[in-house]
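K.L.:
Provided herewith: upload-v5.txt, compact mmCIF, N, CA and C atoms and all ligand atoms.
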```txt
# COMPACT_ATOMS: atom_id res chain seq x y z
N MET A 1 23.56 28.92 289.77
CA MET A 1 23.76 29.37 291.16
C MET A 1 23.67 30.88 291.25
N LEU A 2 22.79 31.34 292.13
CA LEU A 2 22.59 32.78 292.27
C LEU A 2 23.65 33.38 293.19
N ARG A 3 24.18 34.53 292.78
CA ARG A 3 25.09 35.27 293.65
C ARG A 3 24.66 36.73 293.73
N GLN A 4 25.19 37.38 294.75
CA GLN A 4 24.90 38.80 294.94
C GLN A 4 26.23 39.52 295.19
N TYR A 5 26.47 40.56 294.42
CA TYR A 5 27.67 41.39 294.61
C TYR A 5 27.25 42.76 295.09
N ILE A 6 28.07 43.35 295.92
CA ILE A 6 27.94 44.78 296.20
C ILE A 6 29.32 45.39 296.01
N TYR A 7 29.40 46.47 295.24
CA TYR A 7 30.68 47.17 295.12
C TYR A 7 30.46 48.65 295.34
N ILE A 8 31.56 49.33 295.67
CA ILE A 8 31.56 50.78 295.71
C ILE A 8 32.63 51.27 294.74
N SER A 9 32.45 52.47 294.23
CA SER A 9 33.43 53.04 293.30
C SER A 9 33.37 54.55 293.41
N THR A 10 34.33 55.21 292.78
CA THR A 10 34.39 56.67 292.81
C THR A 10 34.12 57.20 291.41
N ALA A 11 33.16 58.10 291.32
CA ALA A 11 32.78 58.66 290.02
C ALA A 11 33.74 59.78 289.64
N GLY A 12 33.90 59.97 288.34
CA GLY A 12 34.75 61.07 287.87
C GLY A 12 33.91 62.11 287.15
N GLY A 13 33.48 63.12 287.88
CA GLY A 13 32.77 64.26 287.28
C GLY A 13 31.65 63.88 286.33
N ILE A 14 30.64 63.20 286.84
CA ILE A 14 29.58 62.78 285.94
C ILE A 14 28.33 63.65 286.10
N THR A 15 27.48 63.62 285.09
CA THR A 15 26.28 64.46 285.05
C THR A 15 25.03 63.59 285.19
N ASP A 16 23.89 64.27 285.30
CA ASP A 16 22.61 63.54 285.33
C ASP A 16 22.42 62.73 284.04
N GLU A 17 22.94 63.30 282.94
CA GLU A 17 22.83 62.58 281.66
C GLU A 17 23.60 61.26 281.70
N ASP A 18 24.78 61.30 282.33
CA ASP A 18 25.56 60.06 282.46
C ASP A 18 24.76 59.01 283.23
N ILE A 19 24.13 59.46 284.31
CA ILE A 19 23.32 58.51 285.11
C ILE A 19 22.21 57.93 284.23
N GLY A 20 21.58 58.81 283.44
CA GLY A 20 20.52 58.35 282.53
C GLY A 20 21.04 57.31 281.56
N SER A 21 22.24 57.54 281.02
CA SER A 21 22.75 56.61 280.02
C SER A 21 23.19 55.29 280.68
N ILE A 22 23.70 55.37 281.91
CA ILE A 22 24.05 54.14 282.65
C ILE A 22 22.77 53.32 282.88
N LEU A 23 21.70 53.99 283.29
CA LEU A 23 20.45 53.26 283.57
C LEU A 23 19.86 52.67 282.28
N ALA A 24 20.06 53.37 281.16
CA ALA A 24 19.56 52.83 279.88
C ALA A 24 20.32 51.54 279.53
N SER A 25 21.64 51.55 279.77
CA SER A 25 22.42 50.32 279.52
C SER A 25 21.92 49.20 280.42
N CYS A 26 21.63 49.55 281.68
CA CYS A 26 21.14 48.54 282.63
C CYS A 26 19.84 47.92 282.13
N GLN A 27 18.92 48.78 281.68
CA GLN A 27 17.63 48.27 281.20
C GLN A 27 17.84 47.27 280.08
N ARG A 28 18.77 47.63 279.16
CA ARG A 28 19.02 46.78 278.01
C ARG A 28 19.71 45.47 278.41
N ASN A 29 20.88 45.63 279.03
CA ASN A 29 21.73 44.45 279.25
C ASN A 29 21.27 43.59 280.42
N ASN A 30 20.83 44.22 281.49
CA ASN A 30 20.47 43.43 282.67
C ASN A 30 19.21 42.62 282.41
N ALA A 31 18.33 43.15 281.57
CA ALA A 31 17.13 42.40 281.22
C ALA A 31 17.53 41.14 280.46
N GLU A 32 18.46 41.32 279.52
CA GLU A 32 18.90 40.19 278.70
C GLU A 32 19.61 39.14 279.54
N ARG A 33 20.36 39.60 280.55
CA ARG A 33 21.15 38.68 281.38
C ARG A 33 20.43 38.25 282.65
N ASN A 34 19.23 38.78 282.85
CA ASN A 34 18.47 38.45 284.06
C ASN A 34 19.24 38.84 285.33
N VAL A 35 19.82 40.04 285.27
CA VAL A 35 20.53 40.60 286.42
C VAL A 35 19.65 41.68 287.03
N THR A 36 19.50 41.65 288.35
CA THR A 36 18.67 42.66 289.03
C THR A 36 19.52 43.36 290.09
N GLY A 37 18.99 44.46 290.62
CA GLY A 37 19.74 45.15 291.67
C GLY A 37 19.35 46.58 291.87
N LEU A 38 20.24 47.30 292.54
CA LEU A 38 19.98 48.70 292.81
C LEU A 38 21.28 49.50 292.74
N LEU A 39 21.13 50.79 292.48
CA LEU A 39 22.27 51.68 292.29
C LEU A 39 22.05 52.95 293.10
N LEU A 40 23.04 53.27 293.93
CA LEU A 40 23.00 54.52 294.70
C LEU A 40 24.15 55.40 294.25
N TYR A 41 23.91 56.68 294.18
CA TYR A 41 24.97 57.63 293.83
C TYR A 41 24.85 58.81 294.78
N ASN A 42 25.94 59.13 295.48
CA ASN A 42 25.85 60.20 296.48
C ASN A 42 26.50 61.49 296.01
N GLY A 43 26.74 61.60 294.69
CA GLY A 43 27.38 62.79 294.16
C GLY A 43 28.88 62.58 294.00
N ARG A 44 29.40 61.54 294.59
CA ARG A 44 30.84 61.27 294.54
C ARG A 44 31.11 59.78 294.35
N ASN A 45 30.36 58.97 295.05
CA ASN A 45 30.58 57.52 294.99
C ASN A 45 29.32 56.79 294.55
N PHE A 46 29.57 55.64 293.92
CA PHE A 46 28.47 54.73 293.61
C PHE A 46 28.51 53.57 294.60
N LEU A 47 27.34 53.04 294.89
CA LEU A 47 27.23 51.74 295.52
C LEU A 47 26.22 50.99 294.66
N GLN A 48 26.60 49.81 294.20
CA GLN A 48 25.68 49.04 293.37
C GLN A 48 25.56 47.62 293.89
N LEU A 49 24.33 47.13 293.96
CA LEU A 49 24.05 45.74 294.31
C LEU A 49 23.61 45.07 293.02
N LEU A 50 24.22 43.93 292.72
CA LEU A 50 23.88 43.17 291.52
C LEU A 50 23.62 41.74 291.92
N GLU A 51 22.61 41.12 291.35
CA GLU A 51 22.34 39.71 291.67
C GLU A 51 21.91 38.97 290.41
N GLY A 52 22.34 37.73 290.32
CA GLY A 52 22.02 36.91 289.15
C GLY A 52 22.92 35.69 289.12
N ASP A 53 22.89 34.95 287.99
CA ASP A 53 23.77 33.80 287.85
C ASP A 53 25.21 34.28 287.68
N VAL A 54 26.16 33.48 288.17
CA VAL A 54 27.56 33.89 288.18
C VAL A 54 28.05 34.35 286.80
N GLU A 55 27.72 33.60 285.75
CA GLU A 55 28.23 33.94 284.42
C GLU A 55 27.68 35.30 283.98
N ASP A 56 26.40 35.52 284.27
CA ASP A 56 25.79 36.79 283.88
C ASP A 56 26.39 37.95 284.67
N LEU A 57 26.60 37.72 285.96
CA LEU A 57 27.18 38.78 286.79
C LEU A 57 28.59 39.11 286.34
N SER A 58 29.37 38.08 285.99
CA SER A 58 30.74 38.32 285.55
C SER A 58 30.74 39.13 284.27
N TRP A 59 29.81 38.82 283.39
CA TRP A 59 29.72 39.55 282.11
C TRP A 59 29.42 41.03 282.39
N VAL A 60 28.46 41.29 283.24
CA VAL A 60 28.09 42.68 283.55
C VAL A 60 29.23 43.37 284.30
N MET A 61 29.84 42.68 285.27
CA MET A 61 30.90 43.31 286.07
C MET A 61 32.12 43.67 285.22
N ARG A 62 32.44 42.84 284.23
CA ARG A 62 33.58 43.15 283.35
C ARG A 62 33.34 44.49 282.66
N ARG A 63 32.12 44.70 282.18
CA ARG A 63 31.81 45.95 281.49
C ARG A 63 31.84 47.12 282.46
N ILE A 64 31.27 46.91 283.63
CA ILE A 64 31.22 47.99 284.63
C ILE A 64 32.64 48.40 285.03
N GLU A 65 33.50 47.41 285.26
CA GLU A 65 34.86 47.72 285.73
C GLU A 65 35.64 48.48 284.67
N ALA A 66 35.31 48.28 283.39
CA ALA A 66 36.04 48.94 282.31
C ALA A 66 35.47 50.33 282.00
N ASP A 67 34.44 50.75 282.70
CA ASP A 67 33.75 52.00 282.37
C ASP A 67 34.53 53.20 282.94
N PRO A 68 34.99 54.12 282.07
CA PRO A 68 35.80 55.24 282.56
C PRO A 68 35.02 56.29 283.37
N ARG A 69 33.71 56.13 283.46
CA ARG A 69 32.94 57.10 284.25
C ARG A 69 33.13 56.92 285.75
N HIS A 70 33.78 55.85 286.14
CA HIS A 70 34.13 55.69 287.55
C HIS A 70 35.43 54.90 287.65
N ASN A 71 36.02 54.88 288.86
CA ASN A 71 37.22 54.07 289.06
C ASN A 71 37.27 53.56 290.50
N GLY A 72 38.29 52.75 290.78
CA GLY A 72 38.43 52.21 292.12
C GLY A 72 37.30 51.27 292.51
N VAL A 73 36.81 50.51 291.51
CA VAL A 73 35.70 49.58 291.80
C VAL A 73 36.17 48.54 292.83
N SER A 74 35.55 48.53 294.01
CA SER A 74 35.91 47.58 295.08
C SER A 74 34.70 46.77 295.47
N ILE A 75 34.81 45.47 295.29
CA ILE A 75 33.70 44.60 295.69
C ILE A 75 33.75 44.45 297.20
N ILE A 76 32.66 44.83 297.87
CA ILE A 76 32.66 44.75 299.34
C ILE A 76 31.84 43.56 299.83
N ASP A 77 31.10 42.92 298.94
CA ASP A 77 30.41 41.69 299.34
C ASP A 77 30.15 40.84 298.11
N ASP A 78 30.29 39.54 298.28
CA ASP A 78 30.13 38.59 297.17
C ASP A 78 29.66 37.29 297.80
N ILE A 79 28.34 37.06 297.78
CA ILE A 79 27.80 35.91 298.52
C ILE A 79 26.83 35.10 297.66
N ALA A 80 26.70 33.82 297.99
CA ALA A 80 25.68 32.97 297.36
C ALA A 80 24.34 33.31 298.00
N ILE A 81 23.29 33.41 297.19
CA ILE A 81 21.97 33.69 297.74
C ILE A 81 20.98 32.64 297.22
N GLU A 82 19.92 32.44 297.99
CA GLU A 82 18.90 31.48 297.55
C GLU A 82 17.82 32.16 296.76
N ARG A 83 17.53 33.43 297.14
CA ARG A 83 16.57 34.18 296.35
C ARG A 83 17.00 35.63 296.28
N ARG A 84 16.52 36.28 295.24
CA ARG A 84 16.93 37.67 295.00
C ARG A 84 16.30 38.62 296.01
N ALA A 85 17.06 39.65 296.37
CA ALA A 85 16.51 40.71 297.22
C ALA A 85 15.69 41.68 296.38
N CYS A 86 16.04 41.83 295.11
CA CYS A 86 15.37 42.82 294.23
C CYS A 86 14.87 42.15 292.95
N PRO A 87 13.99 41.14 293.05
CA PRO A 87 13.60 40.40 291.84
C PRO A 87 12.92 41.26 290.78
N ASP A 88 12.32 42.36 291.20
CA ASP A 88 11.54 43.16 290.24
C ASP A 88 12.29 44.39 289.71
N TRP A 89 13.54 44.55 290.12
CA TRP A 89 14.28 45.75 289.72
C TRP A 89 15.42 45.40 288.79
N LEU A 90 15.30 45.75 287.50
CA LEU A 90 16.40 45.53 286.56
C LEU A 90 17.61 46.32 287.04
N MET A 91 17.40 47.55 287.41
CA MET A 91 18.41 48.32 288.12
C MET A 91 17.70 49.56 288.64
N ARG A 92 17.36 49.50 289.92
CA ARG A 92 16.63 50.59 290.53
C ARG A 92 17.60 51.68 290.96
N HIS A 93 17.41 52.89 290.46
CA HIS A 93 18.25 54.00 290.92
C HIS A 93 17.55 54.64 292.12
N ILE A 94 18.17 54.54 293.27
CA ILE A 94 17.59 55.15 294.47
C ILE A 94 18.31 56.46 294.72
N ARG A 95 17.57 57.53 294.72
CA ARG A 95 18.18 58.84 294.97
C ARG A 95 18.37 59.03 296.47
N ILE A 96 19.55 59.53 296.81
CA ILE A 96 19.82 59.78 298.22
C ILE A 96 19.32 61.18 298.54
N SER A 97 18.51 61.26 299.57
CA SER A 97 17.92 62.54 299.96
C SER A 97 19.00 63.55 300.35
N ASP A 98 18.75 64.82 300.06
CA ASP A 98 19.72 65.88 300.38
C ASP A 98 19.89 66.08 301.88
N GLU A 99 18.79 65.95 302.61
CA GLU A 99 18.86 66.22 304.05
C GLU A 99 19.47 65.03 304.77
N VAL A 100 20.67 65.25 305.28
CA VAL A 100 21.41 64.16 305.92
C VAL A 100 20.58 63.53 307.05
N ALA A 101 19.88 64.36 307.80
CA ALA A 101 19.14 63.87 308.96
C ALA A 101 18.05 62.87 308.56
N GLU A 102 17.47 63.08 307.37
CA GLU A 102 16.35 62.21 306.96
C GLU A 102 16.80 61.04 306.08
N ARG A 103 18.07 61.11 305.67
CA ARG A 103 18.54 60.15 304.68
C ARG A 103 18.31 58.69 305.06
N ARG A 104 18.74 58.33 306.26
CA ARG A 104 18.68 56.93 306.66
C ARG A 104 17.24 56.42 306.64
N ALA A 105 16.34 57.20 307.23
CA ALA A 105 14.95 56.74 307.33
C ALA A 105 14.32 56.61 305.95
N LYS A 106 14.58 57.61 305.08
CA LYS A 106 13.99 57.56 303.73
C LYS A 106 14.51 56.37 302.94
N LEU A 107 15.84 56.18 303.00
CA LEU A 107 16.45 55.08 302.25
C LEU A 107 15.99 53.73 302.83
N ASP A 108 15.94 53.65 304.14
CA ASP A 108 15.53 52.41 304.80
C ASP A 108 14.16 51.97 304.28
N ALA A 109 13.27 52.95 304.08
CA ALA A 109 11.93 52.64 303.59
C ALA A 109 11.93 52.19 302.14
N GLU A 110 12.95 52.64 301.38
CA GLU A 110 12.99 52.29 299.94
C GLU A 110 13.70 50.99 299.65
N LEU A 111 14.57 50.56 300.55
CA LEU A 111 15.33 49.32 300.29
C LEU A 111 14.39 48.12 300.35
N PRO A 112 14.69 47.09 299.56
CA PRO A 112 13.78 45.94 299.52
C PRO A 112 13.74 45.19 300.85
N GLU A 113 12.56 44.67 301.17
CA GLU A 113 12.37 43.95 302.44
C GLU A 113 13.27 42.73 302.55
N ALA A 114 13.50 42.08 301.40
CA ALA A 114 14.24 40.81 301.42
C ALA A 114 15.75 41.00 301.58
N LEU A 115 16.19 42.23 301.75
CA LEU A 115 17.61 42.49 301.88
C LEU A 115 18.13 41.99 303.22
N ASP A 116 19.29 41.31 303.18
CA ASP A 116 19.94 40.84 304.40
C ASP A 116 20.20 42.03 305.33
N PRO A 117 19.91 41.88 306.63
CA PRO A 117 20.07 43.00 307.57
C PRO A 117 21.48 43.60 307.59
N ASN A 118 22.51 42.75 307.43
CA ASN A 118 23.88 43.28 307.41
C ASN A 118 24.12 44.15 306.20
N LEU A 119 23.60 43.70 305.06
CA LEU A 119 23.75 44.50 303.83
C LEU A 119 22.99 45.81 303.95
N ARG A 120 21.82 45.72 304.56
CA ARG A 120 21.03 46.94 304.77
C ARG A 120 21.84 47.95 305.57
N ARG A 121 22.54 47.46 306.60
CA ARG A 121 23.34 48.36 307.43
C ARG A 121 24.49 48.98 306.61
N ILE A 122 25.13 48.15 305.79
CA ILE A 122 26.23 48.65 304.96
C ILE A 122 25.72 49.76 304.02
N ILE A 123 24.57 49.51 303.41
CA ILE A 123 24.04 50.46 302.45
C ILE A 123 23.61 51.76 303.15
N LEU A 124 23.00 51.64 304.31
CA LEU A 124 22.60 52.84 305.06
C LEU A 124 23.82 53.64 305.51
N ASN A 125 24.88 52.93 305.89
CA ASN A 125 26.11 53.63 306.29
C ASN A 125 26.72 54.37 305.11
N PHE A 126 26.71 53.72 303.95
CA PHE A 126 27.22 54.38 302.74
C PHE A 126 26.48 55.69 302.51
N ALA A 127 25.16 55.63 302.66
CA ALA A 127 24.34 56.81 302.38
C ALA A 127 24.57 57.91 303.40
N SER A 128 25.08 57.56 304.57
CA SER A 128 25.31 58.58 305.60
C SER A 128 26.62 59.32 305.39
N LEU A 129 27.51 58.78 304.56
CA LEU A 129 28.78 59.45 304.29
C LEU A 129 28.53 60.71 303.49
N ASN A 130 29.55 61.58 303.45
CA ASN A 130 29.41 62.75 302.56
C ASN A 130 29.57 64.03 303.35
C1 LIG B 1 28.25 52.93 288.36
C2 LIG B 1 27.94 52.21 287.08
C3 LIG B 1 27.04 51.14 287.10
C4 LIG B 1 26.73 50.45 285.93
N1 LIG B 1 25.87 49.40 285.97
C5 LIG B 1 25.61 48.71 284.85
C6 LIG B 1 24.76 47.57 284.86
O1 LIG B 1 24.23 47.17 285.90
N2 LIG B 1 24.50 46.95 283.68
C7 LIG B 1 25.04 47.37 282.50
O2 LIG B 1 24.77 46.76 281.48
N3 LIG B 1 25.83 48.43 282.46
C8 LIG B 1 26.14 49.11 283.59
N4 LIG B 1 26.96 50.20 283.53
C9 LIG B 1 27.40 50.66 282.21
C10 LIG B 1 28.49 49.80 281.64
O3 LIG B 1 29.67 50.19 282.31
C11 LIG B 1 28.63 49.99 280.12
O4 LIG B 1 28.67 51.35 279.81
C12 LIG B 1 27.45 49.37 279.42
O5 LIG B 1 27.33 48.04 279.79
C13 LIG B 1 27.58 49.51 277.93
O6 LIG B 1 26.52 48.80 277.36
P1 LIG B 1 25.72 49.31 276.09
O7 LIG B 1 26.78 49.58 275.05
O8 LIG B 1 24.81 48.20 275.75
O9 LIG B 1 24.99 50.56 276.52
C14 LIG B 1 27.30 50.87 284.70
C15 LIG B 1 28.22 51.93 284.70
C16 LIG B 1 28.53 52.61 285.87
C17 LIG B 1 29.51 53.76 285.84
```
Would you mind writing the file out in structure tokens?
P.N.:
Amino acid sequence: MLRQYIYISTAGGITDEDIGSILASCQRNNAERNVTGLLLYNGRNFLQLLEGDVEDLSWVMRRIEADPRHNGVSIIDDIAIERRACPDWLMRHIRISDEVAERRAKLDAELPEALDPNLRRIILNFASLN
């Protein structure tokens, strides 16, 4: 059974290198577990969408929740899905544009088409914070 999680968390003073190492772990582990999704970082908070089989997602989420590079992991959505929104992305890091005025439009164009409209709104709102 496929599920999709979205959580937000607060980063603790991380660097570009940390992001690189997180993405390297994603490439390794998410490929093995067949977990796909996307990761946004606004300089202070993460928003991550993860999708896959429940057992695989639980395995990945346990590791993520134990990671000291962030805290306050809060799952804001946890739903059953019939097909993946990001089937081709092991973990796509989407950079949030610096210019607040352009952020929504740029991100909107980068988000996958198959994303539920409500989730799209949540993600765009997250990107507008800051
Ligand atoms: C915001 C955030 C998102 C992460 N996302 C993933 C993920 O999707 N998959 C993953 O394996 N590790 C992820 N990690 C890293 C894990 O917490 C952990 O460091 C990693 O699974 C260790 O695996 P490794 O020893 O194989 O590198 C994430 C960490 C953070 C802080």
K.L.:
Among chain A, which ones does DSSP assign to helix (DSSP H, G or I) (computed from the backbone)? Answer as a count of residues only.
P.N.:
53
K.L.:
Have a look at A:His70, A:Arg3, A:Arg103, A:His93 and name the one nearest to ligand LIG 1 (chain B); count all atoms listed in the file.
P.N.:
A:His70
K.L.:
Go through A:Gln48, A:Arg92, A:Val60, A:Val73 and flag the residue nearest Gly20 in chain A, using only C-alpha atoms for the distances.
P.N.:
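Closest candidate: A:Arg92.
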K.L.:
Is it possible to get the residues within 6.5 Å of (22.5, 32.2, 298.3) (coordinates as in the file, counting all atoms listed in the file) written as an mmCIF file with N, CA and C atoms, keeping the file's coordinate frame?
P.N.:
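File written: part04.cif
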```
data_model
loop_
_atom_site.group_PDB
_atom_site.id
_atom_site.type_symbol
_atom_site.label_atom_id
_atom_site.label_comp_id
_atom_site.auth_asym_id
_atom_site.auth_seq_id
_atom_site.Cartn_x
_atom_site.Cartn_y
_atom_site.Cartn_z
ATOM 1 N N LEU A 2 22.790 31.340 292.130
ATOM 2 C CA LEU A 2 22.590 32.780 292.270
ATOM 3 C C LEU A 2 23.650 33.380 293.190
ATOM 4 N N ARG A 3 24.180 34.530 292.780
ATOM 5 C CA ARG A 3 25.090 35.270 293.650
ATOM 6 C C ARG A 3 24.660 36.730 293.730
ATOM 7 N N ILE A 79 28.340 37.060 297.780
ATOM 8 C CA ILE A 79 27.800 35.910 298.520
ATOM 9 C C ILE A 79 26.830 35.100 297.660
ATOM 10 N N ALA A 80 26.700 33.820 297.990
ATOM 11 C CA ALA A 80 25.680 32.970 297.360
ATOM 12 C C ALA A 80 24.340 33.310 298.000
ATOM 13 N N ILE A 81 23.290 33.410 297.190
ATOM 14 C CA ILE A 81 21.970 33.690 297.740
ATOM 15 C C ILE A 81 20.980 32.640 297.220
ATOM 16 N N GLU A 82 19.920 32.440 297.990
ATOM 17 C CA GLU A 82 18.900 31.480 297.550
ATOM 18 C C GLU A 82 17.820 32.160 296.760
ATOM 19 N N ARG A 83 17.530 33.430 297.140
ATOM 20 C CA ARG A 83 16.570 34.180 296.350
ATOM 21 C C ARG A 83 17.000 35.630 296.280
#
```
K.L.:
For each of A:Tyr5, A:Phe126, A:Trp89, A:Phe46, take the minimum atom-to-atom distance to ligand LIG 1 (chain B), counting all atoms listed in the file, then give the residue where this is smallest.
P.N.:
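Nearest candidate to ligand LIG 1 (chain B) out of A:Tyr5, A:Phe126, A:Trp89, A:Phe46: A:Phe46.
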K.L.:
Using all atoms listed in the file, which residues have at least one atom no more than 5 Å from ligand LIG 1 (chain B)? Output them as a PyMOL selection string.
P.N.:
chain A and resi 22+25-26+29-30+63-64+67+69-70
K.L.:
What's the separation between CA of Ile76 in chain A and CA of Tyr7 in chain A, in Å to one decimal place?
P.N.:
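Taking CA of Ile76 in chain A as the start and CA of Tyr7 in chain A as the end point, the length is 5.3 Å.
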K.L.:
Between atom C of Leu111 in chain A and atom C of Met61 in chain A, what is the distance in Å, rounded to a tenth?
P.N.:
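So the answer is 23.7 Å.
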K.L.:
Would you please work out which residue, of A:Ser74, A:Asn42, A:Asn34, A:Gln4, is nearest to Ile19 in chain A when using only C-alpha atoms?
P.N.:
A:Asn42
K.L.:
Report as an mmCIF file with N, CA and C atoms, keeping the file's coordinate frame: the residues of range 5-125 of chain A with a DSSP assignment of strand (DSSP E or B), based on the backbone of this structure.
P.N.:
```cif
data_model
loop_
_atom_site.group_PDB
_atom_site.id
_atom_site.type_symbol
_atom_site.label_atom_id
_atom_site.label_comp_id
_atom_site.auth_asym_id
_atom_site.auth_seq_id
_atom_site.Cartn_x
_atom_site.Cartn_y
_atom_site.Cartn_z
ATOM 1 N N TYR A 5 26.470 40.560 294.420
ATOM 2 C CA TYR A 5 27.670 41.390 294.610
ATOM 3 C C TYR A 5 27.250 42.760 295.090
ATOM 4 N N ILE A 6 28.070 43.350 295.920
ATOM 5 C CA ILE A 6 27.940 44.780 296.200
ATOM 6 C C ILE A 6 29.320 45.390 296.010
ATOM 7 N N TYR A 7 29.400 46.470 295.240
ATOM 8 C CA TYR A 7 30.680 47.170 295.120
ATOM 9 C C TYR A 7 30.460 48.650 295.340
ATOM 10 N N ILE A 8 31.560 49.330 295.670
ATOM 11 C CA ILE A 8 31.560 50.780 295.710
ATOM 12 C C ILE A 8 32.630 51.270 294.740
ATOM 13 N N SER A 9 32.450 52.470 294.230
ATOM 14 C CA SER A 9 33.430 53.040 293.300
ATOM 15 C C SER A 9 33.370 54.550 293.410
ATOM 16 N N THR A 10 34.330 55.210 292.780
ATOM 17 C CA THR A 10 34.390 56.670 292.810
ATOM 18 C C THR A 10 34.120 57.200 291.410
ATOM 19 N N ALA A 11 33.160 58.100 291.320
ATOM 20 C CA ALA A 11 32.780 58.660 290.020
ATOM 21 C C ALA A 11 33.740 59.780 289.640
ATOM 22 N N THR A 36 19.500 41.650 288.350
ATOM 23 C CA THR A 36 18.670 42.660 289.030
ATOM 24 C C THR A 36 19.520 43.360 290.090
ATOM 25 N N GLY A 37 18.990 44.460 290.620
ATOM 26 C CA GLY A 37 19.740 45.150 291.670
ATOM 27 C C GLY A 37 19.350 46.580 291.870
ATOM 28 N N LEU A 38 20.240 47.300 292.540
ATOM 29 C CA LEU A 38 19.980 48.700 292.810
ATOM 30 C C LEU A 38 21.280 49.500 292.740
ATOM 31 N N LEU A 39 21.130 50.790 292.480
ATOM 32 C CA LEU A 39 22.270 51.680 292.290
ATOM 33 C C LEU A 39 22.050 52.950 293.100
ATOM 34 N N LEU A 40 23.040 53.270 293.930
ATOM 35 C CA LEU A 40 23.000 54.520 294.700
ATOM 36 C C LEU A 40 24.150 55.400 294.250
ATOM 37 N N TYR A 41 23.910 56.680 294.180
ATOM 38 C CA TYR A 41 24.970 57.630 293.830
ATOM 39 C C TYR A 41 24.850 58.810 294.780
ATOM 40 N N ASN A 45 30.360 58.970 295.050
ATOM 41 C CA ASN A 45 30.580 57.520 294.990
ATOM 42 C C ASN A 45 29.320 56.790 294.550
ATOM 43 N N PHE A 46 29.570 55.640 293.920
ATOM 44 C CA PHE A 46 28.470 54.730 293.610
ATOM 45 C C PHE A 46 28.510 53.570 294.600
ATOM 46 N N LEU A 47 27.340 53.040 294.890
ATOM 47 C CA LEU A 47 27.230 51.740 295.520
ATOM 48 C C LEU A 47 26.220 50.990 294.660
ATOM 49 N N GLN A 48 26.600 49.810 294.200
ATOM 50 C CA GLN A 48 25.680 49.040 293.370
ATOM 51 C C GLN A 48 25.560 47.620 293.890
ATOM 52 N N LEU A 49 24.330 47.130 293.960
ATOM 53 C CA LEU A 49 24.050 45.740 294.310
ATOM 54 C C LEU A 49 23.610 45.070 293.020
ATOM 55 N N LEU A 50 24.220 43.930 292.720
ATOM 56 C CA LEU A 50 23.880 43.170 291.520
ATOM 57 C C LEU A 50 23.620 41.740 291.920
ATOM 58 N N GLU A 51 22.610 41.120 291.350
ATOM 59 C CA GLU A 51 22.340 39.710 291.670
ATOM 60 C C GLU A 51 21.910 38.970 290.410
ATOM 61 N N GLY A 52 22.340 37.730 290.320
ATOM 62 C CA GLY A 52 22.020 36.910 289.150
ATOM 63 C C GLY A 52 22.920 35.690 289.120
ATOM 64 N N ASP A 53 22.890 34.950 287.990
ATOM 65 C CA ASP A 53 23.770 33.800 287.850
ATOM 66 C C ASP A 53 25.210 34.280 287.680
ATOM 67 N N HIS A 70 33.780 55.850 286.140
ATOM 68 C CA HIS A 70 34.130 55.690 287.550
ATOM 69 C C HIS A 70 35.430 54.900 287.650
ATOM 70 N N ASN A 71 36.020 54.880 288.860
ATOM 71 C CA ASN A 71 37.220 54.070 289.060
ATOM 72 C C ASN A 71 37.270 53.560 290.500
ATOM 73 N N GLY A 72 38.290 52.750 290.780
ATOM 74 C CA GLY A 72 38.430 52.210 292.120
ATOM 75 C C GLY A 72 37.300 51.270 292.510
ATOM 76 N N VAL A 73 36.810 50.510 291.510
ATOM 77 C CA VAL A 73 35.700 49.580 291.800
ATOM 78 C C VAL A 73 36.170 48.540 292.830
ATOM 79 N N SER A 74 35.550 48.530 294.010
ATOM 80 C CA SER A 74 35.910 47.580 295.080
ATOM 81 C C SER A 74 34.700 46.770 295.470
ATOM 82 N N ILE A 75 34.810 45.470 295.290
ATOM 83 C CA ILE A 75 33.700 44.600 295.690
ATOM 84 C C ILE A 75 33.750 44.450 297.200
ATOM 85 N N ILE A 76 32.660 44.830 297.870
ATOM 86 C CA ILE A 76 32.660 44.750 299.340
ATOM 87 C C ILE A 76 31.840 43.560 299.830
ATOM 88 N N ASP A 77 31.100 42.920 298.940
ATOM 89 C CA ASP A 77 30.410 41.690 299.340
ATOM 90 C C ASP A 77 30.150 40.840 298.110
ATOM 91 N N ASP A 78 30.290 39.540 298.280
ATOM 92 C CA ASP A 78 30.130 38.590 297.170
ATOM 93 C C ASP A 78 29.660 37.290 297.800
ATOM 94 N N ILE A 79 28.340 37.060 297.780
ATOM 95 C CA ILE A 79 27.800 35.910 298.520
ATOM 96 C C ILE A 79 26.830 35.100 297.660
ATOM 97 N N ALA A 80 26.700 33.820 297.990
ATOM 98 C CA ALA A 80 25.680 32.970 297.360
ATOM 99 C C ALA A 80 24.340 33.310 298.000
ATOM 100 N N ARG A 92 17.360 49.500 289.920
ATOM 101 C CA ARG A 92 16.630 50.590 290.530
ATOM 102 C C ARG A 92 17.600 51.680 290.960
ATOM 103 N N HIS A 93 17.410 52.890 290.460
ATOM 104 C CA HIS A 93 18.250 54.000 290.920
ATOM 105 C C HIS A 93 17.550 54.640 292.120
ATOM 106 N N ILE A 94 18.170 54.540 293.270
ATOM 107 C CA ILE A 94 17.590 55.150 294.470
ATOM 108 C C ILE A 94 18.310 56.460 294.720
ATOM 109 N N ARG A 95 17.570 57.530 294.720
ATOM 110 C CA ARG A 95 18.180 58.840 294.970
ATOM 111 C C ARG A 95 18.370 59.030 296.470
#
```
K.L.:
What gap, in Å, lies between CA of Arg95 in chain A and atom N of Ala66 in chain A?
P.N.:
23.2 Å
K.L.:
At a cut-off of 6 Å, using all atoms listed in the file, what residues contact Gly37 in chain A? Leave out same-chain residues fewer than 4 positions from it and give the result as a list in words.
P.N.:
Leu49, Leu50, Glu51, Cys86, Trp89, Leu90, Met91 and Arg92 of chain A
K.L.:
Restricting the calculation to all atoms listed in the file: of A:Thr36, A:Thr15, A:Asn118, A:Ser128, which residue gets closest to Pro87 in chain A?
P.N.:
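The closest residue to Pro87 in chain A is A:Thr36.
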K.L.:
Counting all atoms listed in the file, which residue out of A:Ala127, A:Ile122, A:Ala109, A:Met1 sits closest to Glu55 in chain A?
P.N.:
A:Met1
